[in-house]
>>> print(open('query-v6.pdb').read())   # PDB, C-alpha atoms, pLDDT in the B column
ATOM      1  CA  MET A 190       0.000   0.000   0.000  1.00 73.00           C
ATOM      2  CA  LYS A 191       1.350   3.438  -0.832  1.00 86.00           C
ATOM      3  CA  ARG A 192       0.775   6.883   0.589  1.00 89.00           C
ATOM      4  CA  ILE A 193      -1.937   8.867  -1.148  1.00 92.00           C
ATOM      5  CA  PHE A 194      -1.594  12.230   0.620  1.00 94.00           C
ATOM      6  CA  LYS A 195       1.330  14.554   1.294  1.00 94.00           C
ATOM      7  CA  LYS A 196       2.112  16.598   4.376  1.00 95.00           C
ATOM      8  CA  GLY A 197       0.169  19.887   4.379  1.00 95.00           C
ATOM      9  CA  GLU A 198      -2.470  18.667   1.931  1.00 96.00           C
ATOM     10  CA  HIS A 199      -6.174  19.134   2.694  1.00 97.00           C
ATOM     11  CA  VAL A 200      -8.262  15.977   3.042  1.00 97.00           C
ATOM     12  CA  LYS A 201     -11.939  15.312   3.675  1.00 96.00           C
ATOM     13  CA  ASN A 202     -13.321  12.758   6.114  1.00 94.00           C
ATOM     14  CA  GLU A 203     -15.705  10.308   4.402  1.00 94.00           C
ATOM     15  CA  ARG A 204     -17.862   9.934   7.467  1.00 93.00           C
ATOM     16  CA  ASP A 205     -18.756  13.501   8.473  1.00 92.00           C
ATOM     17  CA  GLY A 206     -17.315  15.631   5.647  1.00 92.00           C
ATOM     18  CA  ARG A 207     -14.865  17.547   7.849  1.00 93.00           C
ATOM     19  CA  VAL A 208     -11.946  19.128   5.971  1.00 95.00           C
ATOM     20  CA  MET A 209      -8.578  18.625   7.685  1.00 96.00           C
ATOM     21  CA  GLU A 210      -4.865  19.133   7.059  1.00 97.00           C
ATOM     22  CA  VAL A 211      -2.412  16.211   6.958  1.00 97.00           C
ATOM     23  CA  LEU A 212       0.291  16.454   9.640  1.00 97.00           C
ATOM     24  CA  ASN A 213       2.152  13.157   9.183  1.00 95.00           C
ATOM     25  CA  TYR A 214       1.886   9.434   8.465  1.00 95.00           C
ATOM     26  CA  ILE A 215       2.139   6.657  11.033  1.00 93.00           C
ATOM     27  CA  LYS A 216       2.925   3.116   9.854  1.00 90.00           C
ATOM     28  CA  ASP A 217       0.389   0.647  11.229  1.00 84.00           C
ATOM     29  CA  LYS A 218       0.702  -3.140  10.955  1.00 85.00           C
ATOM     30  CA  SER A 219      -1.138  -3.496   7.653  1.00 83.00           C
ATOM     31  CA  SER A 220      -1.942   0.049   6.539  1.00 85.00           C
ATOM     32  CA  TYR A 221      -1.098   3.696   7.089  1.00 91.00           C
ATOM     33  CA  MET A 222      -2.633   5.942   9.721  1.00 94.00           C
ATOM     34  CA  VAL A 223      -2.798   9.649   8.907  1.00 96.00           C
ATOM     35  CA  GLU A 224      -2.574  12.244  11.678  1.00 97.00           C
ATOM     36  CA  CYS A 225      -4.776  15.223  10.806  1.00 97.00           C
ATOM     37  CA  ALA A 226      -5.568  18.602  12.349  1.00 97.00           C
ATOM     38  CA  TRP A 227      -8.656  20.799  12.043  1.00 96.00           C
ATOM     39  CA  PHE A 228     -10.054  23.903  13.715  1.00 96.00           C
ATOM     40  CA  ASP A 229     -12.979  23.303  16.069  1.00 94.00           C
ATOM     41  CA  LEU A 230     -15.363  26.262  15.724  1.00 93.00           C
ATOM     42  CA  ASP A 231     -17.317  25.510  18.915  1.00 95.00           C
ATOM     43  CA  LYS A 232     -14.297  25.362  21.254  1.00 94.00           C
ATOM     44  CA  LYS A 233     -12.133  27.713  19.124  1.00 96.00           C
ATOM     45  CA  GLU A 234      -9.062  25.502  19.206  1.00 97.00           C
ATOM     46  CA  ILE A 235      -7.099  23.163  16.962  1.00 97.00           C
ATOM     47  CA  ARG A 236      -7.851  19.448  17.297  1.00 97.00           C
ATOM     48  CA  THR A 237      -5.784  16.501  16.074  1.00 97.00           C
ATOM     49  CA  ASN A 238      -6.737  12.892  15.492  1.00 96.00           C
ATOM     50  CA  ARG A 239      -5.549   9.800  13.610  1.00 95.00           C
ATOM     51  CA  PHE A 240      -7.544   8.224  10.793  1.00 95.00           C
ATOM     52  CA  LYS A 241      -7.001   5.270   8.483  1.00 93.00           C
ATOM     53  CA  GLN A 242      -5.891   6.327   5.022  1.00 93.00           C
ATOM     54  CA  GLU A 243      -8.842   4.478   3.441  1.00 92.00           C
ATOM     55  CA  LYS A 244     -11.366   6.663   5.305  1.00 94.00           C
ATOM     56  CA  LEU A 245     -10.089   9.943   3.795  1.00 95.00           C
ATOM     57  CA  LEU A 246     -10.623  11.634   0.424  1.00 95.00           C
ATOM     58  CA  LYS A 247      -8.778  14.475  -1.297  1.00 95.00           C
ATOM     59  CA  ALA A 248     -10.518  17.791  -0.666  1.00 93.00           C
ATOM     60  CA  SER A 249     -11.138  19.997  -3.664  1.00 80.00           C
TER
END
>>> encode(input="query-v6.pdb", output="structure tokens")
Amino acid sequence: MKRIFKKGEHVKNERDGRVMEVLNYIKDKSSYMVECAWFDLDKKEIRTNRFKQEKLLKAS
């Protein structure tokens, strides 16, 4: 499996449609995990989380 996204690129979560920025890749046992950051409008702070590469799409 190869990396689809690059650091700093904007991606979209398939599940809820949130647009995020790619921070870095983490090698998992069988696939890649992507660490992403986004701005939370309710709390007014930056949040980070890790997602599987298969669950993300390129944002246009």
>>> closest_residue(input="query-v6.pdb", among="A:Asp231, A:Lys244, A:Met190, A:His199", to="A:Lys218", atoms="all atoms listed in the file")
A:Met190
>>> residues_near_point(input="query-v6.pdb", point="(-10.2, 9.0, 1.5)", cutoff="7 Å", atoms="all atoms listed in the file", output="number ranges by chain")
A: 201-203, 242-247
>>> atom_distance(input="query-v6.pdb", atom1="atom CA of A:Phe194", atom2="atom CA of A:Glu234")
24.0 Å
>>> residues_around(input="query-v6.pdb", residues="A:Asn213", least_positions_apart="3", cutoff="9 Å", atoms="only C-alpha atoms", output="list in words")
Lys195, Lys196, Gly197, Met222, Val223, Glu224 and Cys225 of chain A
>>> closest_residue(input="query-v6.pdb", among="A:Ile193, A:Ala248, A:Gly206, A:Phe240", to="A:Ala226", atoms="only C-alpha atoms")
A:Phe240
